[in-house]
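Worksheet for the structure shown next.
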Amino acid sequence: MFGLKAEKNLSDIKRQEESNLSISKWMKSIIKEDENTRFMKRGKDFINDKEIEELLQKNRNSEKRRIRDIIQKSFSIQRLEPEETAVLLNVEDKALWEEIFEAAGRVKRKVYDNRIVTFAPLYCSNFCVNSCRYCAFRKENTIQRRRLNLEEVRKETEVLVSFGHKRVIVVYGEHPLSDIDYIAATIKTIYNTRLKARVGYGEIRRVNVNAPPLDIERLRILKEIGIGTYQVFQETYHHQTYKKVHPRGIKANYQWRLYALHRAQMAGIDDVGLGVLFGLYDWKFEVMGLLYHTIELEKQFGGVGPHTISFPRLEPAVNTPFIQESKYKVSDEDFKKLIAVIRLSVPYTGLILTAREPAHIRRAVLPLGVTQTDASTRIGIGAYSEEYNQQEAERQQFLLGDTRSLDELIRELALSGQITSFCTAGYRCGRTGRRIMDLLKTGKERWFCKLNAVLTFREWIDDFACGETRIAGEKVIQKEITEIKKKLPELFPKFMEVYKRIKRGERDLYF
Ligand code: SAM
Ligand code: SF4
């Protein structure tokens, strides 16, 4: 008996060793150093920590007039320079901060009007070879590991479609089990899922991707499938901190991550998303890092900077004491400040707020320039379609602050005069990269999007809205139609024609 057990253990150990060997071989094959160095100058990347610290130091106590001139510049939809952003970050006066908050909201309305885009994350796999000290998916953590099969991906998608979602962001850990073939197969499954709704049908029309940095060859595969935005968050731009929080694994290579979006552009993906995990290092430094990254992308790719910027704050995660220990956690007040300064620094870029934040914070910061947010969010693997329980919560990457449904969120937005847009026209009719940036910078996108926002909101109300949400939504729609009639009289008849076709049950029509 004893002999048999020992034999079994030996074969388990052997299998484990073989698997470790093939994982480490796979890890070694991922990073293509030449895809980093081709963009670097004399072995250096574009984040100069010392320069950022000095700019922050030098631009303290600026005069009120200078601060107001900078706000004014942003109001004319021009990106700020690092020195100007450093001035805003150093404002001490409470009344001036109120001016900044107010200006951030005005800039957002000027570029994006009263629209908010919604989406939901879909976590596909939590296997990971990395050791990010803040993340519950890190290799060393003893959580339950799981990768959805394609049937499970379809089930998860059906639940999201049944809420009326049209956009998802797919999320994966970094592991051979979730390499490009798996990523591609899951995205295709999502695009191929369709459900009958009350009047028309539901489907996901834009899949954004939050995946580990990929090489150009793999990114070309994503481009071919037709993804929306490809997001890679740098987490922290501060080199030393980066090293500390990513001690091992592929993610330990700062530049492989920093140039991930350069590679995406090279592969033809021109909607890319930046992000920082706020709470790892000084928030002012990180805002500067985001700006330098934007400037670098604009410089390298003909004026096309990030399509979106995300600013998650560090949230508690299972078995992850690092989070409580971090001395850079961002207070609610500083969170407001950093969002407003990002809004003013890159006036034309989409800003994403997530359900990591509790409802009261989301209410407080949405008016500071946010353009996209998620709803009815669950981040456990399989959590949309399966029984949700404590065990499920423990599979999560971190703990969520706001679990309200899409219907509830839309109702709240509608009651405050905002329209939820389900528009996904952008990448499907070529309004990406340079074209979308030009439209945003000149204020034209605001009008295209208004038409599509009303059309897609009409679809959603007829197909998915519950009682009170429907009433609040109708009011918003009527107000928008009146505005379109007044502001775009030449387009109005064509718009109404399409609007009526949607009311009759046709779907997915857009300008
Ligand atoms: N594994 C891929 C990567 O690291 O790029 C993509 C998915 S990762 C699950 C998505 C993002 O979650 C990370 O980029 C990080 O910013 C964020 N994240 C990780 N741990 C977090 C935590 N404890 N609180 C808030 N956000 C967290
Ligand atoms: Fe893995 Fe991404 Fe989590 Fe890091 S943040 S442990 S790479 S899933």
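Scheme for the structure tokens: letters A, B, ... for chains in order shown; per-chain residue numbers from 1; ligand numbers from 1 in order shown.
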
Can you work out which residues are within 7 Å of ligand 1, considering only C-alpha atoms and all ligand atoms, and then hand them over as an mmCIF file with all heavy atoms, in the first residue's frame?
data_model
loop_
_atom_site.group_PDB
_atom_site.id
_atom_site.type_symbol
_atom_site.label_atom_id
_atom_site.label_comp_id
_atom_site.auth_asym_id
_atom_site.auth_seq_id
_atom_site.Cartn_x
_atom_site.Cartn_y
_atom_site.Cartn_z
ATOM 1 N N TYR A 134 0.567 42.769 -5.773
ATOM 2 C CA TYR A 134 -0.740 43.340 -5.441
ATOM 3 C C TYR A 134 -1.908 42.489 -5.939
ATOM 4 O O TYR A 134 -3.053 42.793 -5.670
ATOM 5 C CB TYR A 134 -0.850 44.748 -6.049
ATOM 6 C CG TYR A 134 -0.364 44.781 -7.487
ATOM 7 C CD1 TYR A 134 -1.173 44.372 -8.525
ATOM 8 C CD2 TYR A 134 0.950 45.169 -7.791
ATOM 9 C CE1 TYR A 134 -0.716 44.356 -9.828
ATOM 10 C CE2 TYR A 134 1.416 45.158 -9.096
ATOM 11 C CZ TYR A 134 0.567 44.749 -10.112
ATOM 12 O OH TYR A 134 1.023 44.726 -11.400
ATOM 13 N N CYS A 135 -1.631 41.446 -6.709
ATOM 14 C CA CYS A 135 -2.717 40.749 -7.419
ATOM 15 C C CYS A 135 -2.932 39.346 -6.871
ATOM 16 O O CYS A 135 -1.985 38.576 -6.700
ATOM 17 C CB CYS A 135 -2.392 40.687 -8.903
ATOM 18 S SG CYS A 135 -3.675 39.835 -9.855
ATOM 19 N N ALA A 136 -4.199 39.005 -6.661
ATOM 20 C CA ALA A 136 -4.516 37.681 -6.118
ATOM 21 C C ALA A 136 -4.237 36.565 -7.121
ATOM 22 O O ALA A 136 -4.160 35.400 -6.747
ATOM 23 C CB ALA A 136 -5.976 37.644 -5.689
ATOM 24 N N VAL A 171 -10.398 39.611 -20.058
ATOM 25 C CA VAL A 171 -9.228 39.723 -19.176
ATOM 26 C C VAL A 171 -8.602 38.337 -18.975
ATOM 27 O O VAL A 171 -9.328 37.358 -18.753
ATOM 28 C CB VAL A 171 -9.641 40.321 -17.800
ATOM 29 C CG1 VAL A 171 -8.420 40.581 -16.935
ATOM 30 C CG2 VAL A 171 -10.441 41.607 -17.971
ATOM 31 N N TYR A 172 -7.297 38.280 -19.016
ATOM 32 C CA TYR A 172 -6.573 37.001 -18.882
ATOM 33 C C TYR A 172 -5.340 37.185 -18.009
ATOM 34 O O TYR A 172 -4.695 38.234 -18.058
ATOM 35 C CB TYR A 172 -6.069 36.513 -20.247
ATOM 36 C CG TYR A 172 -7.080 36.558 -21.356
ATOM 37 C CD1 TYR A 172 -7.287 37.729 -22.069
ATOM 38 C CD2 TYR A 172 -7.830 35.428 -21.692
ATOM 39 C CE1 TYR A 172 -8.220 37.783 -23.096
ATOM 40 C CE2 TYR A 172 -8.762 35.471 -22.723
ATOM 41 C CZ TYR A 172 -8.952 36.658 -23.421
ATOM 42 O OH TYR A 172 -9.873 36.714 -24.438
ATOM 43 N N GLY A 173 -4.979 36.149 -17.280
ATOM 44 C CA GLY A 173 -3.667 36.119 -16.656
ATOM 45 C C GLY A 173 -2.638 35.782 -17.724
ATOM 46 O O GLY A 173 -2.987 35.484 -18.873
ATOM 47 N N GLU A 174 -1.362 35.795 -17.361
ATOM 48 C CA GLU A 174 -0.313 35.487 -18.355
ATOM 49 C C GLU A 174 0.159 34.050 -18.150
ATOM 50 O O GLU A 174 0.769 33.738 -17.112
ATOM 51 C CB GLU A 174 0.852 36.471 -18.203
ATOM 52 C CG GLU A 174 1.920 36.288 -19.270
ATOM 53 C CD GLU A 174 2.753 37.549 -19.494
ATOM 54 O OE1 GLU A 174 2.943 38.309 -18.524
ATOM 55 O OE2 GLU A 174 3.216 37.754 -20.634
ATOM 56 N N ASN A 210 -7.887 43.252 -22.314
ATOM 57 C CA ASN A 210 -6.886 43.557 -21.297
ATOM 58 C C ASN A 210 -6.082 42.274 -21.089
ATOM 59 O O ASN A 210 -6.456 41.405 -20.315
ATOM 60 C CB ASN A 210 -7.554 44.003 -19.992
ATOM 61 C CG ASN A 210 -6.537 44.519 -18.990
ATOM 62 O OD1 ASN A 210 -5.487 43.924 -18.797
ATOM 63 N ND2 ASN A 210 -6.847 45.623 -18.354
ATOM 64 N N ALA A 211 -5.037 42.177 -21.884
ATOM 65 C CA ALA A 211 -4.222 40.953 -21.870
ATOM 66 C C ALA A 211 -2.793 41.348 -21.592
ATOM 67 O O ALA A 211 -2.430 42.518 -21.705
ATOM 68 C CB ALA A 211 -4.325 40.259 -23.221
ATOM 69 N N PRO A 212 -1.960 40.405 -21.236
ATOM 70 C CA PRO A 212 -0.546 40.719 -21.028
ATOM 71 C C PRO A 212 0.072 41.250 -22.324
ATOM 72 O O PRO A 212 -0.474 41.011 -23.404
ATOM 73 C CB PRO A 212 0.060 39.361 -20.684
ATOM 74 C CG PRO A 212 -1.071 38.479 -20.348
ATOM 75 C CD PRO A 212 -2.259 38.987 -21.041
ATOM 76 N N PRO A 213 1.209 41.936 -22.221
ATOM 77 C CA PRO A 213 1.882 42.425 -23.413
ATOM 78 C C PRO A 213 2.184 41.279 -24.379
ATOM 79 O O PRO A 213 2.671 40.235 -23.955
ATOM 80 C CB PRO A 213 3.185 43.002 -22.872
ATOM 81 C CG PRO A 213 2.904 43.320 -21.455
ATOM 82 C CD PRO A 213 1.925 42.296 -20.990
ATOM 83 N N VAL A 232 -3.015 47.828 -21.979
ATOM 84 C CA VAL A 232 -1.986 47.273 -21.079
ATOM 85 C C VAL A 232 -1.653 48.374 -20.078
ATOM 86 O O VAL A 232 -1.229 49.460 -20.470
ATOM 87 C CB VAL A 232 -0.708 46.864 -21.840
ATOM 88 C CG1 VAL A 232 0.367 46.430 -20.851
ATOM 89 C CG2 VAL A 232 -0.984 45.725 -22.819
ATOM 90 N N PHE A 233 -1.892 48.133 -18.825
ATOM 91 C CA PHE A 233 -1.569 49.145 -17.807
ATOM 92 C C PHE A 233 -0.108 48.994 -17.390
ATOM 93 O O PHE A 233 0.331 47.882 -17.093
ATOM 94 C CB PHE A 233 -2.441 48.968 -16.549
ATOM 95 C CG PHE A 233 -3.929 49.012 -16.802
ATOM 96 C CD1 PHE A 233 -4.820 48.510 -15.866
ATOM 97 C CD2 PHE A 233 -4.448 49.576 -17.962
ATOM 98 C CE1 PHE A 233 -6.191 48.543 -16.086
ATOM 99 C CE2 PHE A 233 -5.819 49.615 -18.198
ATOM 100 C CZ PHE A 233 -6.699 49.091 -17.251
ATOM 101 N N GLU A 235 0.987 49.923 -14.661
ATOM 102 C CA GLU A 235 0.869 49.744 -13.194
ATOM 103 C C GLU A 235 1.600 50.867 -12.457
ATOM 104 O O GLU A 235 0.995 51.623 -11.731
ATOM 105 C CB GLU A 235 1.362 48.368 -12.705
ATOM 106 C CG GLU A 235 1.008 47.152 -13.574
ATOM 107 C CD GLU A 235 -0.477 46.854 -13.700
ATOM 108 O OE1 GLU A 235 -1.309 47.689 -13.300
ATOM 109 O OE2 GLU A 235 -0.821 45.784 -14.237
ATOM 110 N N VAL A 276 -2.664 53.163 -15.010
ATOM 111 C CA VAL A 276 -1.771 53.058 -13.855
ATOM 112 C C VAL A 276 -2.576 52.427 -12.741
ATOM 113 O O VAL A 276 -3.777 52.661 -12.624
ATOM 114 C CB VAL A 276 -1.291 54.469 -13.437
ATOM 115 C CG1 VAL A 276 -0.964 54.523 -11.958
ATOM 116 C CG2 VAL A 276 -0.088 54.908 -14.253
ATOM 117 N N LEU A 277 -1.950 51.588 -11.956
ATOM 118 C CA LEU A 277 -2.602 51.080 -10.756
ATOM 119 C C LEU A 277 -2.214 52.036 -9.624
ATOM 120 O O LEU A 277 -1.100 51.958 -9.083
ATOM 121 C CB LEU A 277 -2.141 49.643 -10.477
ATOM 122 C CG LEU A 277 -2.752 48.957 -9.261
ATOM 123 C CD1 LEU A 277 -4.269 49.010 -9.270
ATOM 124 C CD2 LEU A 277 -2.306 47.496 -9.203
ATOM 125 N N PRO A 312 -7.297 52.615 -12.176
ATOM 126 C CA PRO A 312 -7.728 51.810 -11.034
ATOM 127 C C PRO A 312 -6.934 52.159 -9.779
ATOM 128 O O PRO A 312 -5.764 52.523 -9.876
ATOM 129 C CB PRO A 312 -7.415 50.379 -11.479
ATOM 130 C CG PRO A 312 -6.361 50.508 -12.523
ATOM 131 C CD PRO A 312 -6.638 51.799 -13.221
ATOM 132 N N ARG A 313 -7.636 52.092 -8.636
ATOM 133 C CA ARG A 313 -6.920 52.226 -7.345
ATOM 134 C C ARG A 313 -6.741 50.826 -6.787
ATOM 135 O O ARG A 313 -7.603 49.958 -6.964
ATOM 136 C CB ARG A 313 -7.761 53.044 -6.372
ATOM 137 C CG ARG A 313 -7.574 54.505 -6.525
ATOM 138 C CD ARG A 313 -8.101 55.240 -5.307
ATOM 139 N NE ARG A 313 -9.556 55.247 -5.157
ATOM 140 C CZ ARG A 313 -10.192 55.930 -4.221
ATOM 141 N NH1 ARG A 313 -9.503 56.640 -3.330
ATOM 142 N NH2 ARG A 313 -11.515 55.917 -4.145
ATOM 143 N N LEU A 314 -5.669 50.656 -6.067
ATOM 144 C CA LEU A 314 -5.377 49.383 -5.415
ATOM 145 C C LEU A 314 -6.546 48.978 -4.510
ATOM 146 O O LEU A 314 -6.965 49.758 -3.655
ATOM 147 C CB LEU A 314 -4.139 49.621 -4.564
ATOM 148 C CG LEU A 314 -3.213 48.495 -4.215
ATOM 149 C CD1 LEU A 314 -2.792 47.745 -5.456
ATOM 150 C CD2 LEU A 314 -1.990 49.076 -3.524
ATOM 151 N N GLU A 315 -7.054 47.761 -4.716
ATOM 152 C CA GLU A 315 -8.167 47.270 -3.894
ATOM 153 C C GLU A 315 -7.709 46.042 -3.125
ATOM 154 O O GLU A 315 -6.824 45.316 -3.588
ATOM 155 C CB GLU A 315 -9.352 46.862 -4.786
ATOM 156 C CG GLU A 315 -9.954 47.992 -5.590
ATOM 157 C CD GLU A 315 -10.621 49.043 -4.734
ATOM 158 O OE1 GLU A 315 -11.027 48.712 -3.597
ATOM 159 O OE2 GLU A 315 -10.719 50.192 -5.193
ATOM 160 N N PRO A 316 -8.346 45.771 -1.978
ATOM 161 C CA PRO A 316 -7.981 44.573 -1.220
ATOM 162 C C PRO A 316 -8.149 43.318 -2.071
ATOM 163 O O PRO A 316 -9.071 43.242 -2.874
ATOM 164 C CB PRO A 316 -8.984 44.544 -0.065
ATOM 165 C CG PRO A 316 -9.630 45.871 -0.058
ATOM 166 C CD PRO A 316 -9.433 46.515 -1.380
ATOM 167 N N ALA A 317 -7.263 42.371 -1.911
ATOM 168 C CA ALA A 317 -7.362 41.113 -2.651
ATOM 169 C C ALA A 317 -7.028 39.967 -1.707
ATOM 170 O O ALA A 317 -6.289 40.144 -0.733
ATOM 171 C CB ALA A 317 -6.393 41.126 -3.830
ATOM 172 N N ILE A 323 -1.224 45.024 -0.067
ATOM 173 C CA ILE A 323 -2.141 46.150 -0.285
ATOM 174 C C ILE A 323 -2.294 46.988 0.987
ATOM 175 O O ILE A 323 -2.282 48.213 0.940
ATOM 176 C CB ILE A 323 -3.481 45.622 -0.815
ATOM 177 C CG1 ILE A 323 -3.216 45.153 -2.247
ATOM 178 C CG2 ILE A 323 -4.593 46.667 -0.788
ATOM 179 C CD1 ILE A 323 -4.153 44.156 -2.776
ATOM 180 N N ARG A 356 -14.454 48.944 -9.398
ATOM 181 C CA ARG A 356 -13.632 48.758 -8.201
ATOM 182 C C ARG A 356 -14.061 49.796 -7.165
ATOM 183 O O ARG A 356 -13.957 49.585 -5.972
ATOM 184 C CB ARG A 356 -12.156 48.995 -8.518
ATOM 185 C CG ARG A 356 -11.476 47.948 -9.360
ATOM 186 C CD ARG A 356 -10.112 48.450 -9.735
ATOM 187 N NE ARG A 356 -9.302 47.505 -10.480
ATOM 188 C CZ ARG A 356 -9.301 47.380 -11.795
ATOM 189 N NH1 ARG A 356 -10.112 48.129 -12.510
ATOM 190 N NH2 ARG A 356 -8.519 46.513 -12.403
ATOM 191 N N GLN A 397 -9.930 38.478 -8.539
ATOM 192 C CA GLN A 397 -8.617 39.104 -8.531
ATOM 193 C C GLN A 397 -8.516 40.131 -7.413
ATOM 194 O O GLN A 397 -7.497 40.331 -6.803
ATOM 195 C CB GLN A 397 -8.416 39.758 -9.887
ATOM 196 C CG GLN A 397 -7.056 40.342 -10.085
ATOM 197 C CD GLN A 397 -7.070 41.278 -11.264
ATOM 198 O OE1 GLN A 397 -8.118 41.646 -11.766
ATOM 199 N NE2 GLN A 397 -5.902 41.665 -11.690
ATOM 200 N N PHE A 398 -9.590 40.843 -7.172
ATOM 201 C CA PHE A 398 -9.654 41.813 -6.080
ATOM 202 C C PHE A 398 -11.124 41.986 -5.731
ATOM 203 O O PHE A 398 -11.989 41.391 -6.372
ATOM 204 C CB PHE A 398 -9.025 43.155 -6.488
ATOM 205 C CG PHE A 398 -9.525 43.661 -7.802
ATOM 206 C CD1 PHE A 398 -10.724 44.330 -7.890
ATOM 207 C CD2 PHE A 398 -8.805 43.438 -8.961
ATOM 208 C CE1 PHE A 398 -11.204 44.772 -9.104
ATOM 209 C CE2 PHE A 398 -9.278 43.878 -10.186
ATOM 210 C CZ PHE A 398 -10.484 44.539 -10.258
#

Query - Exercise: range 37-53 of chain A partners within 10 Å, only C-alpha atoms, chain neighbours under 2 positions left out, as a PyMOL selection string - result: chain A and resi 32-35+55-58+82-83+86+237-240+254-256+258-259+262-263+284-286+288-290+292-293+295-296+300

With N, CA, C and O atoms kept, could you save the residues just selected as a short mmCIF file (atom, residue, chain, number, x, y, z; two decimals), in the first residue's frame?
data_model
loop_
_atom_site.label_atom_id
_atom_site.label_comp_id
_atom_site.auth_asym_id
_atom_site.auth_seq_id
_atom_site.Cartn_x
_atom_site.Cartn_y
_atom_site.Cartn_z
N LYS A 32 10.62 39.45 -26.92
CA LYS A 32 11.52 39.64 -28.08
C LYS A 32 12.25 40.96 -27.83
O LYS A 32 11.69 42.04 -28.08
N GLU A 33 13.47 40.86 -27.32
CA GLU A 33 14.20 42.08 -26.90
C GLU A 33 14.30 43.12 -28.03
O GLU A 33 14.22 44.31 -27.78
N ASP A 34 14.44 42.62 -29.28
CA ASP A 34 14.59 43.60 -30.38
C ASP A 34 13.31 44.42 -30.56
O ASP A 34 13.35 45.53 -31.09
N GLU A 35 12.16 43.91 -30.10
CA GLU A 35 10.92 44.69 -30.20
C GLU A 35 10.85 45.75 -29.10
O GLU A 35 9.97 46.60 -29.10
N LEU A 55 10.62 68.14 -12.34
CA LEU A 55 9.51 68.99 -12.81
C LEU A 55 8.48 69.20 -11.70
O LEU A 55 7.95 70.30 -11.52
N LEU A 56 8.22 68.12 -10.96
CA LEU A 56 7.25 68.24 -9.87
C LEU A 56 7.77 69.18 -8.78
O LEU A 56 7.03 69.97 -8.20
N GLN A 57 9.06 69.10 -8.56
CA GLN A 57 9.69 69.93 -7.53
C GLN A 57 9.70 71.41 -7.95
O GLN A 57 9.35 72.29 -7.18
N LYS A 58 10.06 71.63 -9.21
CA LYS A 58 10.27 72.99 -9.73
C LYS A 58 8.97 73.78 -9.87
O LYS A 58 8.97 74.99 -9.79
N PRO A 82 4.37 68.51 -20.05
CA PRO A 82 4.66 68.00 -18.70
C PRO A 82 4.78 69.11 -17.66
O PRO A 82 4.29 68.98 -16.53
N GLU A 83 5.42 70.21 -18.03
CA GLU A 83 5.60 71.31 -17.08
C GLU A 83 4.24 71.86 -16.62
O GLU A 83 4.03 72.16 -15.44
N ALA A 86 2.56 69.46 -14.31
CA ALA A 86 3.21 69.52 -12.99
C ALA A 86 2.67 70.72 -12.20
O ALA A 86 2.48 70.62 -10.98
N TYR A 237 4.91 53.77 -13.30
CA TYR A 237 5.96 54.22 -14.23
C TYR A 237 7.30 54.37 -13.52
O TYR A 237 8.32 54.57 -14.16
N HIS A 238 7.31 54.29 -12.20
CA HIS A 238 8.51 54.51 -11.42
C HIS A 238 9.36 53.23 -11.48
O HIS A 238 8.95 52.19 -10.93
N HIS A 239 10.54 53.33 -12.11
CA HIS A 239 11.32 52.12 -12.40
C HIS A 239 11.59 51.26 -11.15
O HIS A 239 11.41 50.05 -11.17
N GLN A 240 12.04 51.92 -10.10
CA GLN A 240 12.43 51.15 -8.90
C GLN A 240 11.24 50.45 -8.26
O GLN A 240 11.32 49.30 -7.85
N TYR A 254 10.29 45.74 -17.35
CA TYR A 254 9.59 47.04 -17.43
C TYR A 254 9.37 47.45 -18.88
O TYR A 254 8.28 47.87 -19.26
N GLN A 255 10.41 47.32 -19.71
CA GLN A 255 10.30 47.82 -21.08
C GLN A 255 9.39 46.95 -21.95
O GLN A 255 8.71 47.47 -22.83
N TRP A 256 9.35 45.67 -21.69
CA TRP A 256 8.45 44.81 -22.47
C TRP A 256 7.01 45.30 -22.31
O TRP A 256 6.21 45.26 -23.23
N LEU A 258 6.24 48.52 -21.19
CA LEU A 258 6.16 49.94 -21.60
C LEU A 258 5.95 50.08 -23.11
O LEU A 258 5.26 50.99 -23.55
N TYR A 259 6.55 49.18 -23.87
CA TYR A 259 6.44 49.29 -25.34
C TYR A 259 5.35 48.39 -25.92
O TYR A 259 5.26 48.25 -27.14
N HIS A 262 3.28 50.33 -28.32
CA HIS A 262 4.01 50.62 -29.55
C HIS A 262 3.85 49.42 -30.49
O HIS A 262 3.57 49.56 -31.67
N ARG A 263 4.03 48.23 -29.91
CA ARG A 263 3.95 47.02 -30.74
C ARG A 263 2.54 46.86 -31.30
O ARG A 263 2.36 46.44 -32.44
N LYS A 284 1.18 61.71 -8.07
CA LYS A 284 1.56 62.82 -8.96
C LYS A 284 2.57 62.34 -10.00
O LYS A 284 2.50 62.69 -11.18
N PHE A 285 3.52 61.53 -9.56
CA PHE A 285 4.52 60.96 -10.47
C PHE A 285 3.81 60.13 -11.55
O PHE A 285 4.14 60.21 -12.74
N GLU A 286 2.85 59.34 -11.13
CA GLU A 286 2.17 58.44 -12.08
C GLU A 286 1.38 59.22 -13.12
O GLU A 286 1.35 58.82 -14.30
N MET A 288 2.19 62.08 -14.28
CA MET A 288 3.23 62.54 -15.21
C MET A 288 3.64 61.41 -16.15
O MET A 288 3.86 61.60 -17.34
N GLY A 289 3.76 60.21 -15.61
CA GLY A 289 4.12 59.04 -16.42
C GLY A 289 3.10 58.81 -17.54
O GLY A 289 3.47 58.57 -18.70
N LEU A 290 1.82 58.90 -17.18
CA LEU A 290 0.77 58.72 -18.20
C LEU A 290 0.91 59.76 -19.30
O LEU A 290 0.72 59.48 -20.49
N TYR A 292 3.70 61.42 -20.21
CA TYR A 292 4.89 61.12 -21.03
C TYR A 292 4.60 59.97 -22.00
O TYR A 292 5.07 59.97 -23.14
N HIS A 293 3.86 58.99 -21.54
CA HIS A 293 3.52 57.85 -22.40
C HIS A 293 2.65 58.33 -23.57
O HIS A 293 2.85 57.95 -24.73
N ILE A 295 2.56 61.37 -24.83
CA ILE A 295 3.39 62.19 -25.73
C ILE A 295 4.24 61.30 -26.63
O ILE A 295 4.36 61.52 -27.83
N GLU A 296 4.81 60.26 -26.03
CA GLU A 296 5.66 59.33 -26.80
C GLU A 296 4.85 58.65 -27.91
O GLU A 296 5.30 58.57 -29.06
N GLN A 300 5.51 59.02 -31.92
CA GLN A 300 5.91 57.88 -32.76
C GLN A 300 4.87 57.51 -33.81
O GLN A 300 5.21 56.91 -34.82
#

**Report entry** Residue neighbourhood Val159 in chain A, 12 Å, only C-alpha atoms, exclusion window fewer than 3 positions, as a count of residues only
**Finding:** 29

So which residues touch Ala104 in chain A within 8 Å, counting only C-alpha atoms, skipping near sequence neighbours fewer than 2 positions away, as a short mmCIF file (atom, residue, chain, number, x, y, z; two decimals) with N, CA and C atoms, in the first residue's frame?
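Listing of result.cif after writing:
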data_model
loop_
_atom_site.label_atom_id
_atom_site.label_comp_id
_atom_site.auth_asym_id
_atom_site.auth_seq_id
_atom_site.Cartn_x
_atom_site.Cartn_y
_atom_site.Cartn_z
N ILE A 100 -10.52 73.73 -11.07
CA ILE A 100 -10.00 72.62 -11.91
C ILE A 100 -11.08 71.55 -12.10
N PHE A 101 -11.78 71.21 -11.02
CA PHE A 101 -12.84 70.19 -11.12
C PHE A 101 -13.92 70.64 -12.11
N GLU A 102 -14.27 71.91 -11.98
CA GLU A 102 -15.34 72.43 -12.84
C GLU A 102 -14.88 72.42 -14.30
N ARG A 106 -16.29 70.57 -17.80
CA ARG A 106 -16.63 71.34 -19.00
C ARG A 106 -15.89 70.81 -20.22
N VAL A 107 -14.61 70.46 -20.02
CA VAL A 107 -13.82 69.91 -21.14
C VAL A 107 -14.46 68.60 -21.62
N LYS A 108 -14.84 67.77 -20.67
CA LYS A 108 -15.47 66.49 -21.05
C LYS A 108 -16.74 66.75 -21.87
N ALA A 340 -9.19 64.71 -12.48
CA ALA A 340 -9.39 66.03 -13.10
C ALA A 340 -8.13 66.47 -13.86
N VAL A 341 -6.97 66.22 -13.28
CA VAL A 341 -5.73 66.65 -13.96
C VAL A 341 -5.48 65.81 -15.22
N ARG A 343 -7.83 64.56 -17.03
CA ARG A 343 -8.82 65.09 -17.99
C ARG A 343 -8.29 66.35 -18.69
N LEU A 344 -7.72 67.26 -17.89
CA LEU A 344 -7.23 68.52 -18.48
C LEU A 344 -5.95 68.30 -19.29
N LEU A 368 -16.17 64.51 -13.37
CA LEU A 368 -14.85 65.13 -13.57
C LEU A 368 -14.23 64.77 -14.91
N GLY A 369 -15.02 64.16 -15.78
CA GLY A 369 -14.46 63.91 -17.11
C GLY A 369 -14.42 62.46 -17.53
#

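Of the listed residues A:Trp26, A:Tyr201, A:Trp97, A:Phe137, the one whose atoms come nearest to ligand 2 is A:Phe137, with distances taken using only C-alpha atoms and all ligand atoms.
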
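Residues within 9 Å of Ala184 in chain A, counting only C-alpha atoms and excluding same-chain residues fewer than 4 positions away, are A:Asp179, A:Ile180, A:Lys188, A:Thr189, A:Ile221, A:Leu222, A:Ile225.
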
Residues just named, written with all heavy atoms as a compact mmCIF listing (two decimals), in the first residue's frame:
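See result12.txt below for the written result:
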# COMPACT_ATOMS: atom_id res chain seq x y z
N ASP A 179 -2.53 31.73 -23.94
CA ASP A 179 -1.74 32.37 -25.00
C ASP A 179 -2.69 32.77 -26.15
O ASP A 179 -3.91 32.59 -26.06
CB ASP A 179 -0.64 31.40 -25.47
CG ASP A 179 0.50 32.15 -26.18
OD1 ASP A 179 0.38 33.36 -26.41
OD2 ASP A 179 1.51 31.50 -26.53
N ILE A 180 -2.11 33.27 -27.23
CA ILE A 180 -2.91 33.91 -28.28
C ILE A 180 -3.99 33.02 -28.88
O ILE A 180 -5.09 33.50 -29.19
CB ILE A 180 -1.99 34.50 -29.39
CG1 ILE A 180 -2.78 35.38 -30.35
CG2 ILE A 180 -1.22 33.41 -30.10
CD1 ILE A 180 -3.35 36.61 -29.75
N LYS A 188 -13.57 35.20 -30.55
CA LYS A 188 -14.46 34.78 -31.65
C LYS A 188 -15.77 34.24 -31.09
O LYS A 188 -16.85 34.51 -31.60
CB LYS A 188 -13.78 33.70 -32.50
CG LYS A 188 -12.76 34.29 -33.46
CD LYS A 188 -12.21 33.20 -34.36
CE LYS A 188 -10.97 33.68 -35.07
NZ LYS A 188 -10.09 32.60 -35.50
N THR A 189 -15.66 33.46 -30.00
CA THR A 189 -16.88 32.90 -29.38
C THR A 189 -17.80 34.02 -28.93
O THR A 189 -19.03 33.96 -29.11
CB THR A 189 -16.49 32.01 -28.17
OG1 THR A 189 -15.58 31.02 -28.64
CG2 THR A 189 -17.68 31.38 -27.52
N ILE A 221 -2.68 38.94 -34.94
CA ILE A 221 -3.83 38.02 -34.89
C ILE A 221 -5.03 38.72 -34.26
O ILE A 221 -6.16 38.63 -34.74
CB ILE A 221 -3.46 36.73 -34.12
CG1 ILE A 221 -2.32 36.02 -34.88
CG2 ILE A 221 -4.65 35.82 -33.93
CD1 ILE A 221 -1.72 34.82 -34.17
N LEU A 222 -4.77 39.50 -33.20
CA LEU A 222 -5.86 40.25 -32.57
C LEU A 222 -6.45 41.26 -33.54
O LEU A 222 -7.65 41.47 -33.61
CB LEU A 222 -5.36 41.00 -31.33
CG LEU A 222 -5.05 40.19 -30.08
CD1 LEU A 222 -4.82 41.13 -28.91
CD2 LEU A 222 -6.19 39.24 -29.75
N ILE A 225 -8.85 39.62 -35.98
CA ILE A 225 -10.15 39.23 -35.42
C ILE A 225 -11.08 40.43 -35.35
O ILE A 225 -12.29 40.30 -35.42
CB ILE A 225 -9.97 38.65 -33.99
CG1 ILE A 225 -9.15 37.39 -34.03
CG2 ILE A 225 -11.30 38.37 -33.34
CD1 ILE A 225 -8.78 36.90 -32.66
